[in-house]
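Content type mmCIF, C-alpha atoms, from the file work.cif:
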data_target
loop_
_atom_site.label_atom_id
_atom_site.label_comp_id
_atom_site.auth_asym_id
_atom_site.auth_seq_id
_atom_site.Cartn_x
_atom_site.Cartn_y
_atom_site.Cartn_z
CA MET Z 207 0.00 0.00 0.00
CA LYS Z 208 0.99 3.63 -0.43
CA ALA Z 209 1.62 5.81 2.61
CA TYR Z 210 3.45 8.99 3.54
CA VAL Z 211 6.01 8.85 6.35
CA ILE Z 212 8.24 11.26 8.25
CA GLN Z 213 11.77 9.86 8.30
CA GLY Z 214 15.38 10.98 8.34
CA GLY Z 215 14.66 14.36 9.93
CA PHE Z 216 11.97 16.97 10.31
CA GLY Z 217 10.19 19.33 7.95
CA LEU Z 218 8.14 18.78 4.82
CA ASP Z 219 11.29 17.77 2.94
CA HIS Z 220 11.39 14.67 5.14
CA VAL Z 221 7.82 13.54 4.39
CA THR Z 222 8.13 10.95 1.63
CA GLU Z 223 5.93 8.38 -0.07
CA ALA Z 224 6.55 4.78 0.96
CA ASP Z 225 5.36 1.30 0.02
CA LEU Z 226 4.24 -0.58 3.12
CA PRO Z 227 2.53 -3.94 3.62
CA ILE Z 228 -1.24 -3.90 4.12
CA PRO Z 229 -1.81 -4.57 7.83
CA SER Z 230 -3.94 -7.48 9.04
CA PRO Z 231 -6.53 -7.12 11.81
CA ALA Z 232 -5.84 -9.08 14.99
CA ARG Z 233 -8.40 -10.11 17.61
CA GLY Z 234 -10.87 -7.30 18.19
CA GLU Z 235 -9.45 -5.18 15.38
CA VAL Z 236 -10.82 -3.79 12.11
CA LEU Z 237 -9.10 -3.23 8.76
CA ILE Z 238 -10.10 0.05 7.13
CA ARG Z 239 -9.58 1.30 3.60
CA MET Z 240 -9.12 5.04 4.00
CA LYS Z 241 -11.44 7.30 2.00
CA ALA Z 242 -10.31 10.75 3.11
CA VAL Z 243 -8.28 12.60 5.73
CA SER Z 244 -8.34 16.21 6.89
CA LEU Z 245 -5.46 18.29 8.18
CA ASN Z 246 -4.86 20.14 11.44
CA ALA Z 247 -2.24 22.67 12.53
CA ARG Z 248 -0.94 19.94 14.85
CA ASP Z 249 0.12 17.91 11.81
CA ILE Z 250 2.68 20.58 10.88
CA GLY Z 251 3.88 20.62 14.50
CA VAL Z 252 4.45 16.86 14.29
CA ILE Z 253 6.25 17.14 10.93
CA ASP Z 254 8.46 19.96 12.24
CA GLY Z 255 9.43 18.01 15.38
CA PHE Z 256 7.60 20.24 17.87
CA TYR Z 257 5.70 17.39 19.54
CA ASN Z 258 8.34 14.66 19.48
CA PRO Z 259 11.84 15.97 18.72
CA GLU Z 260 13.28 12.54 19.56
CA LEU Z 261 11.43 10.76 16.73
CA SER Z 262 13.68 8.01 15.38
CA GLU Z 263 11.35 5.60 13.57
CA PRO Z 264 9.34 6.40 10.41
CA LEU Z 265 5.98 7.89 11.40
CA ILE Z 266 2.81 8.14 9.33
CA PRO Z 267 1.38 11.61 10.05
CA VAL Z 268 -2.19 12.98 10.16
CA SER Z 269 -4.79 12.13 12.79
CA ASP Z 270 -8.21 12.78 11.19
CA GLY Z 271 -9.94 10.65 8.62
CA VAL Z 272 -12.70 8.33 7.58
CA GLY Z 273 -12.67 4.96 5.88
CA GLU Z 274 -14.64 1.85 5.00
CA VAL Z 275 -14.46 -1.33 7.02
CA ILE Z 276 -13.20 -4.08 4.70
CA ALA Z 277 -12.21 -6.88 7.11
CA LEU Z 278 -12.81 -7.90 10.71
CA GLY Z 279 -10.43 -9.59 13.08
CA GLU Z 280 -11.49 -12.48 15.26
CA GLN Z 281 -14.22 -11.54 17.77
CA ALA Z 282 -14.66 -8.09 16.22
CA GLY Z 283 -18.42 -7.58 15.90
CA LYS Z 284 -19.17 -3.92 16.63
CA PHE Z 285 -19.04 -2.94 12.94
CA GLN Z 286 -20.00 -4.57 9.67
CA VAL Z 287 -17.96 -4.76 6.48
CA GLY Z 288 -18.90 -1.76 4.34
CA GLU Z 289 -19.63 0.65 7.22
CA ARG Z 290 -17.92 4.04 7.36
CA VAL Z 291 -15.94 4.74 10.51
CA SER Z 292 -13.52 7.27 11.94
CA PRO Z 293 -10.76 6.48 14.44
CA ILE Z 294 -10.93 8.58 17.59
CA PHE Z 295 -7.98 10.93 18.11
CA THR Z 296 -6.99 9.66 21.57
CA GLN Z 297 -7.43 5.92 21.22
CA SER Z 298 -7.56 5.14 24.95
CA TRP Z 299 -9.92 8.00 25.93
CA LYS Z 300 -13.34 6.41 25.67
CA SER Z 301 -15.29 8.31 28.35
CA GLY Z 302 -15.00 10.35 31.53
CA GLU Z 303 -12.02 12.53 32.40
CA ALA Z 304 -8.75 12.27 30.53
CA THR Z 305 -5.65 10.86 32.24
CA ARG Z 306 -1.93 11.30 31.68
CA GLU Z 307 -1.84 7.85 30.14
CA ASN Z 308 -4.26 8.93 27.41
CA TRP Z 309 -1.76 11.27 25.77
CA ILE Z 310 0.51 8.44 24.60
CA THR Z 311 -2.34 7.07 22.46
CA SER Z 312 -3.01 10.01 20.13
CA LEU Z 313 -2.95 9.41 16.38
CA GLY Z 314 -0.30 10.87 14.11
CA SER Z 315 2.14 11.09 17.08
CA PRO Z 316 3.03 9.12 19.04
CA LEU Z 317 0.82 6.48 17.35
CA GLN Z 318 0.95 5.97 13.60
CA GLY Z 319 -1.42 8.24 11.71
CA LEU Z 320 -3.85 7.96 8.81
CA LEU Z 321 -2.01 9.16 5.71
CA ALA Z 322 -1.98 5.60 4.36
CA GLU Z 323 -4.29 3.62 2.11
CA TYR Z 324 -5.07 1.00 4.78
CA VAL Z 325 -5.05 1.15 8.57
CA VAL Z 326 -5.95 -1.20 11.41
CA PHE Z 327 -7.57 -0.15 14.68
CA PRO Z 328 -9.21 -1.78 17.69
CA GLU Z 329 -12.96 -1.60 17.14
CA GLU Z 330 -13.33 0.23 20.47
CA GLY Z 331 -11.26 3.07 19.02
CA LEU Z 332 -13.71 3.74 16.18
CA VAL Z 333 -17.05 5.53 15.73
CA ARG Z 334 -19.66 5.55 12.97
CA VAL Z 335 -20.03 8.84 11.12
CA PRO Z 336 -23.27 10.62 10.12
CA GLU Z 337 -24.73 9.14 6.94
CA HIS Z 338 -25.58 12.48 5.31
CA LEU Z 339 -21.94 13.61 5.23
CA THR Z 340 -19.61 13.03 2.31
CA ASP Z 341 -16.31 11.23 2.97
CA ILE Z 342 -14.49 14.57 2.89
CA GLU Z 343 -16.90 16.16 5.36
CA ALA Z 344 -16.79 13.18 7.71
CA ALA Z 345 -12.99 13.27 7.71
CA THR Z 346 -13.05 16.71 9.39
CA LEU Z 347 -14.74 15.51 12.57
CA PRO Z 348 -12.25 13.72 14.89
CA CYS Z 349 -10.07 16.68 16.00
CA ALA Z 350 -11.55 19.98 14.86
CA GLY Z 351 -15.15 18.91 15.34
CA VAL Z 352 -14.71 17.17 18.69
CA THR Z 353 -12.49 19.96 20.05
CA ALA Z 354 -15.12 22.59 19.25
CA TRP Z 355 -17.93 20.40 20.59
CA HIS Z 356 -15.98 19.83 23.82
CA ALA Z 357 -15.39 23.58 24.22
CA ILE Z 358 -18.86 24.84 23.33
CA VAL Z 359 -21.19 22.10 24.54
CA GLU Z 360 -19.46 19.72 26.97
CA GLU Z 361 -17.35 22.19 28.99
CA GLY Z 362 -18.75 25.54 27.90
CA LYS Z 363 -22.42 24.62 28.29
CA VAL Z 364 -23.23 27.49 25.95
CA LYS Z 365 -26.91 28.38 25.99
CA GLU Z 366 -29.41 30.55 24.19
CA GLY Z 367 -28.63 34.25 24.54
CA ASP Z 368 -24.93 33.80 25.32
CA THR Z 369 -22.34 35.76 23.38
CA ILE Z 370 -19.37 33.77 22.09
CA VAL Z 371 -16.11 35.03 20.58
CA VAL Z 372 -14.41 32.73 18.08
CA GLN Z 373 -10.88 33.56 16.97
CA GLY Z 374 -10.13 32.96 13.30
CA THR Z 375 -11.84 30.95 10.59
CA GLY Z 376 -10.00 27.63 10.63
CA GLY Z 377 -11.60 24.25 11.25
CA VAL Z 378 -12.09 24.46 15.03
CA SER Z 379 -13.29 28.05 14.80
CA LEU Z 380 -15.98 27.36 12.23
CA PHE Z 381 -17.17 24.25 14.05
CA ALA Z 382 -17.39 26.38 17.22
CA LEU Z 383 -19.42 28.96 15.30
CA GLN Z 384 -21.80 26.29 14.01
CA PHE Z 385 -22.21 24.55 17.37
CA ALA Z 386 -22.74 27.85 19.21
CA LYS Z 387 -25.47 28.83 16.76
CA LEU Z 388 -27.14 25.45 17.34
CA GLN Z 389 -27.32 26.42 21.03
CA GLY Z 390 -28.94 29.77 20.19
CA ALA Z 391 -25.91 31.92 21.01
CA LYS Z 392 -24.69 35.11 19.38
CA VAL Z 393 -21.26 34.68 17.80
CA ILE Z 394 -18.50 37.23 17.23
CA VAL Z 395 -15.75 36.15 14.82
CA THR Z 396 -12.30 37.73 14.55
CA SER Z 397 -10.23 37.53 11.37
CA SER Z 398 -7.62 39.43 9.41
CA SER Z 399 -9.70 39.10 6.22
CA ASP Z 400 -12.88 40.97 5.35
CA ILE Z 401 -13.71 38.23 2.85
CA LYS Z 402 -13.47 35.55 5.54
CA LEU Z 403 -15.56 37.66 7.91
CA ALA Z 404 -18.26 37.94 5.25
CA ARG Z 405 -18.19 34.17 4.75
CA ALA Z 406 -18.41 33.65 8.52
CA LYS Z 407 -21.48 35.90 8.65
CA ALA Z 408 -23.03 33.80 5.87
CA LEU Z 409 -22.60 30.80 8.19
CA GLY Z 410 -24.46 32.63 10.96
CA ALA Z 411 -21.92 34.85 12.71
CA ASP Z 412 -23.61 37.92 14.19
CA TYR Z 413 -20.63 40.26 14.20
CA GLY Z 414 -17.13 40.36 12.73
CA ILE Z 415 -13.97 42.09 13.92
CA HIS Z 416 -10.99 42.66 11.62
CA TYR Z 417 -8.26 42.32 14.23
CA LYS Z 418 -5.54 43.98 12.12
CA ASP Z 419 -7.71 47.05 11.54
CA THR Z 420 -8.93 46.88 15.14
CA GLU Z 421 -5.95 45.65 17.15
CA GLN Z 422 -7.78 46.26 20.42
CA TRP Z 423 -10.48 43.78 19.45
CA ASP Z 424 -11.27 43.20 23.11
CA GLU Z 425 -12.65 46.73 23.29
CA ALA Z 426 -14.75 46.06 20.19
CA VAL Z 427 -16.22 43.03 21.97
CA LEU Z 428 -17.03 45.17 25.01
CA THR Z 429 -18.66 47.78 22.79
CA TYR Z 430 -20.76 45.15 21.01
CA THR Z 431 -21.90 43.68 24.35
CA GLU Z 432 -22.59 47.14 25.84
CA GLY Z 433 -19.75 46.79 28.33
CA ARG Z 434 -20.78 43.38 29.67
CA GLY Z 435 -18.21 41.25 27.87
CA ALA Z 436 -18.49 37.87 26.18
CA ASP Z 437 -19.80 34.83 28.00
CA HIS Z 438 -17.34 32.47 26.33
CA ILE Z 439 -14.21 32.96 24.24
CA VAL Z 440 -12.64 30.25 22.10
CA ASP Z 441 -8.97 31.22 22.19
CA LEU Z 442 -6.87 29.72 19.41
CA GLY Z 443 -4.13 32.33 19.33
CA GLY Z 444 -2.50 31.53 22.64
CA GLY Z 445 0.57 33.67 23.27
CA THR Z 446 -0.60 37.06 22.02
CA THR Z 447 -4.36 36.67 22.39
CA LEU Z 448 -4.98 35.28 25.87
CA ASN Z 449 -4.71 38.63 27.70
CA ARG Z 450 -7.12 40.28 25.26
CA SER Z 451 -9.47 37.33 25.71
CA ILE Z 452 -9.43 37.97 29.47
CA SER Z 453 -10.10 41.67 28.84
CA ALA Z 454 -13.08 40.86 26.59
CA LEU Z 455 -14.67 38.42 29.05
CA ARG Z 456 -17.69 39.10 31.23
CA VAL Z 457 -17.44 38.60 34.97
CA GLY Z 458 -17.68 34.85 35.53
CA GLY Z 459 -17.15 34.03 31.87
CA GLN Z 460 -15.09 31.20 30.42
CA ILE Z 461 -12.15 30.98 28.03
CA SER Z 462 -11.51 27.74 26.19
CA MET Z 463 -7.77 27.57 25.55
CA ILE Z 464 -7.31 25.52 22.42
CA GLY Z 465 -4.59 26.82 20.12
CA ILE Z 466 -1.09 28.22 20.14
CA LEU Z 467 -1.15 29.85 16.72
CA SER Z 468 0.54 33.02 18.01
CA GLY Z 469 2.81 31.33 20.51
CA ALA Z 470 2.90 28.57 23.12
CA SER Z 471 3.52 30.85 26.11
CA VAL Z 472 2.39 34.22 27.48
CA ASP Z 473 5.14 36.64 28.51
CA SER Z 474 3.01 38.32 31.16
CA LEU Z 475 -0.39 36.96 32.11
CA ALA Z 476 -2.90 39.64 33.14
CA ILE Z 477 -3.61 38.15 36.55
CA VAL Z 478 -5.48 41.12 38.07
CA PRO Z 479 -7.97 41.44 35.18
CA ALA Z 480 -8.48 37.67 35.33
CA ILE Z 481 -9.25 37.88 39.04
CA LEU Z 482 -11.57 40.87 38.61
CA ARG Z 483 -13.51 38.98 35.96
CA ARG Z 484 -13.48 35.71 37.91
CA ALA Z 485 -12.26 34.27 34.62
CA ARG Z 486 -12.50 30.53 34.12
CA LEU Z 487 -9.71 29.24 31.89
CA GLN Z 488 -10.35 25.74 30.62
CA ALA Z 489 -7.77 24.03 28.42
CA ILE Z 490 -9.32 21.77 25.76
CA ASN Z 491 -7.49 18.82 24.21
CA VAL Z 492 -9.87 17.26 21.67
CA GLY Z 493 -12.24 14.89 23.53
CA SER Z 494 -13.38 11.35 24.30
CA ARG Z 495 -15.15 8.77 22.17
CA ASP Z 496 -18.39 9.50 24.06
CA MET Z 497 -18.13 13.19 23.12
CA PHE Z 498 -17.48 12.23 19.51
CA GLU Z 499 -20.62 10.10 19.42
CA ARG Z 500 -22.78 12.77 21.08
CA MET Z 501 -21.48 15.32 18.58
CA ASN Z 502 -22.25 12.99 15.68
CA ALA Z 503 -25.82 12.57 16.93
CA ALA Z 504 -26.28 16.36 16.99
CA ILE Z 505 -24.72 16.77 13.55
CA ALA Z 506 -27.02 14.10 12.12
CA TYR Z 507 -30.13 15.55 13.81
CA HIS Z 508 -29.45 19.08 12.54
CA GLN Z 509 -28.03 17.91 9.20
CA LEU Z 510 -25.06 20.17 9.84
CA ARG Z 511 -22.27 20.20 7.24
CA PRO Z 512 -18.63 20.97 8.01
CA VAL Z 513 -16.85 23.69 6.04
CA VAL Z 514 -14.15 22.45 3.65
CA ASP Z 515 -11.81 24.84 1.88
CA THR Z 516 -9.78 22.72 -0.54
CA VAL Z 517 -9.59 19.02 -1.40
CA TYR Z 518 -6.37 17.47 -2.72
CA PRO Z 519 -5.90 14.00 -4.22
CA PHE Z 520 -3.74 11.54 -2.27
CA THR Z 521 -0.96 11.96 -4.82
CA GLN Z 522 -0.76 15.66 -3.87
CA ALA Z 523 -0.58 15.17 -0.11
CA LEU Z 524 2.63 17.18 0.13
CA GLU Z 525 0.97 20.12 -1.63
CA ALA Z 526 -1.89 19.88 0.87
CA LEU Z 527 0.53 19.93 3.80
CA SER Z 528 2.34 22.90 2.28
CA HIS Z 529 -1.00 24.73 1.99
CA LEU Z 530 -1.65 23.91 5.65
CA ALA Z 531 1.70 25.36 6.69
CA LYS Z 532 0.86 28.67 4.97
CA GLY Z 533 -2.35 29.03 6.99
CA SER Z 534 -4.42 30.63 4.21
CA TYR Z 535 -7.65 28.64 4.31
CA PHE Z 536 -11.27 28.90 5.48
CA GLY Z 537 -12.43 25.79 7.29
CA LYS Z 538 -10.65 22.52 6.59
CA LEU Z 539 -8.11 21.21 4.11
CA ALA Z 540 -8.66 17.61 3.07
CA ILE Z 541 -7.07 14.81 1.08
CA GLN Z 542 -9.14 12.29 -0.86
CA PHE Z 543 -7.90 8.76 -1.54
#
Show me this structure written as structure tokens.
Amino acid sequence: MKAYVIQGGFGLDHVTEADLPIPSPARGEVLIRMKAVSLNARDIGVIDGFYNPELSEPLIPVSDGVGEVIALGEQAGKFQVGERVSPIFTQSWKSGEATRENWITSLGSPLQGLLAEYVVFPEEGLVRVPEHLTDIEAATLPCAGVTAWHAIVEEGKVKEGDTIVVQGTGGVSLFALQFAKLQGAKVIVTSSSDIKLARAKALGADYGIHYKDTEQWDEAVLTYTEGRGADHIVDLGGGTTLNRSISALRVGGQISMIGILSGASVDSLAIVPAILRRARLQAINVGSRDMFERMNAAIAYHQLRPVVDTVYPFTQALEALSHLAKGSYFGKLAIQF
């Protein structure tokens, strides 16, 4: 089978196509023919050595995808041949709270990823995907979808009348926008592109802030909310956005810390404003299989469709990863097998 692997160093120059044997399912496992994968900013971090700088063995990158069950191992009976399934991002996190041990079972690092024609997984590490979605759409769910669902619904408990701030227009951000609107919330989107802000409003965003034209976007949030502040902020910037998120928050509001797009650390955290606002800072790291299944039920019920920017063929996977590294996309980038 064809696959892409990271080997011999880090960076896109060290992602190469390889011929590997088709794996065989063992007891309780399922063989899947991959149909599509989608890309996340984390994939570039893995390729660049940010997550595991000690990587010594060839690693198949990419964590999100969907495929068709084509063979069952002994005593595997949860799925039928021909069903579409997605592997969960953290293979050992089925339900409840996460543990330290869970983080060594995430796909695409440290476990092998999905940028291969065939993969094998334990059936307990898989979920069915909504029938109305295309393969490309279904492939966007495991990380971006579950992360946003975890932030907005599971932890955030966003409700009708709340005001939510979503930073950017990438995969997690647009899922957060869609899920918040399902809850009846008002959504403010920040972006450096007027075109992307217009597209976000077409998806249901109530207000857009161009953060390069309005660098003090926290004040724009306060103005929009008549001084009250946002109930919930989905912070994907990290280093340079967290303090402004605190400033834009209402008293008792919550910030979901998800991304590190502007840096992995904050030089000086605004502790006093955080205290004055009784800010709740909740880090979000994707979610469990139970969350994935609850999200899928909601997506199916509302016939929601994920936003996909560009689809590449499997033979152009490196071009897709290069596009991801540039960051110029609206929604998700995907690769079709």
Dump as a PyMOL selection string all residues having an atom at most 12 Å from (-24.4, 33.6, 9.2), computed in the file's coordinates with all atoms listed in the file.
-> chain Z and resi 380+383-384+386-388+392-395+402-414
So for region 276-288 of chain Z, what box centre and size do we get, axis-aligned, 8 Å extra on each of the six sides, every listed atom, Å to one decimal, as lines of an AutoDock Vina configuration file?
center_x = -15.2
center_y = -7.1
center_z = 11.1
size_x = 25.6
size_y = 26.7
size_z = 29.4
Hey, can you check how far CA of Trp309 (chain Z) sits from CA of Val275 (chain Z)?
->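 CA of Trp309 (chain Z) sits 25.9 Å away from CA of Val275 (chain Z).
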Please, what distance in Å, to one decimal, runs between CA of Ile358 (chain Z) and CA of Glu307 (chain Z)?
-> 25.0 Å
Please write the residues picked by the PyMOL selection byres ((chain Z and resi 493) around 10) on this file as JSON, numbers by chain.
-> {"Z": [294, 295, 296, 299, 300, 301, 302, 303, 304, 348, 349, 351, 352, 353, 354, 355, 356, 357, 360, 490, 491, 492, 494, 495, 496, 497, 498]}
Written file, previous selection with C-alpha atoms, as a PDB file, keeping the file's coordinate frame:
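File selection29.pdb, as written:
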ATOM      1  CA  ILE Z 294     -10.930   8.580  17.590  1.00  0.00           C
ATOM      2  CA  PHE Z 295      -7.980  10.930  18.110  1.00  0.00           C
ATOM      3  CA  THR Z 296      -6.990   9.660  21.570  1.00  0.00           C
ATOM      4  CA  TRP Z 299      -9.920   8.000  25.930  1.00  0.00           C
ATOM      5  CA  LYS Z 300     -13.340   6.410  25.670  1.00  0.00           C
ATOM      6  CA  SER Z 301     -15.290   8.310  28.350  1.00  0.00           C
ATOM      7  CA  GLY Z 302     -15.000  10.350  31.530  1.00  0.00           C
ATOM      8  CA  GLU Z 303     -12.020  12.530  32.400  1.00  0.00           C
ATOM      9  CA  ALA Z 304      -8.750  12.270  30.530  1.00  0.00           C
ATOM     10  CA  PRO Z 348     -12.250  13.720  14.890  1.00  0.00           C
ATOM     11  CA  CYS Z 349     -10.070  16.680  16.000  1.00  0.00           C
ATOM     12  CA  GLY Z 351     -15.150  18.910  15.340  1.00  0.00           C
ATOM     13  CA  VAL Z 352     -14.710  17.170  18.690  1.00  0.00           C
ATOM     14  CA  THR Z 353     -12.490  19.960  20.050  1.00  0.00           C
ATOM     15  CA  ALA Z 354     -15.120  22.590  19.250  1.00  0.00           C
ATOM     16  CA  TRP Z 355     -17.930  20.400  20.590  1.00  0.00           C
ATOM     17  CA  HIS Z 356     -15.980  19.830  23.820  1.00  0.00           C
ATOM     18  CA  ALA Z 357     -15.390  23.580  24.220  1.00  0.00           C
ATOM     19  CA  GLU Z 360     -19.460  19.720  26.970  1.00  0.00           C
ATOM     20  CA  ILE Z 490      -9.320  21.770  25.760  1.00  0.00           C
ATOM     21  CA  ASN Z 491      -7.490  18.820  24.210  1.00  0.00           C
ATOM     22  CA  VAL Z 492      -9.870  17.260  21.670  1.00  0.00           C
ATOM     23  CA  SER Z 494     -13.380  11.350  24.300  1.00  0.00           C
ATOM     24  CA  ARG Z 495     -15.150   8.770  22.170  1.00  0.00           C
ATOM     25  CA  ASP Z 496     -18.390   9.500  24.060  1.00  0.00           C
ATOM     26  CA  MET Z 497     -18.130  13.190  23.120  1.00  0.00           C
ATOM     27  CA  PHE Z 498     -17.480  12.230  19.510  1.00  0.00           C
TER      28      PHE Z 498
END
For region 511-514 of chain Z: contacts at 7 Å, only C-alpha atoms, fewer than 4 positions along chain excluded, given as number ranges by chain = Z: 339, 343, 537-539
Can you tell me, as a list in words, what residues are no more than 7 Å from Leu278 (chain Z) when counting all atoms listed in the file, ignoring any on the same chain fewer than 3 positions away?
->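 Returned residues: Pro231, Glu235, Val236, Leu237 and Ala282 of chain Z.
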Could you state which residues are captured by the PyMOL selection byres ((chain Z and resi 442) around 8) in this file, as a tab-separated table (two decimals) with C-alpha atoms, in the coordinates of the input?
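Listed below is the output, out.tsv:
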chain	number	residue	atom	x	y	z
Z	373	GLN	CA	-10.88	33.56	16.97
Z	374	GLY	CA	-10.13	32.96	13.30
Z	440	VAL	CA	-12.64	30.25	22.10
Z	441	ASP	CA	-8.97	31.22	22.19
Z	443	GLY	CA	-4.13	32.33	19.33
Z	444	GLY	CA	-2.50	31.53	22.64
Z	447	THR	CA	-4.36	36.67	22.39
Z	463	MET	CA	-7.77	27.57	25.55
Z	464	ILE	CA	-7.31	25.52	22.42
Z	465	GLY	CA	-4.59	26.82	20.12
Z	466	ILE	CA	-1.09	28.22	20.14
Z	467	LEU	CA	-1.15	29.85	16.72
For the atom pair CA of Leu320 (chain Z) and CA of Asn246 (chain Z), what is the interatomic distance in Å to one decimal place?
->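 Taking CA of Leu320 (chain Z) and CA of Asn246 (chain Z), their separation equals 12.5 Å.
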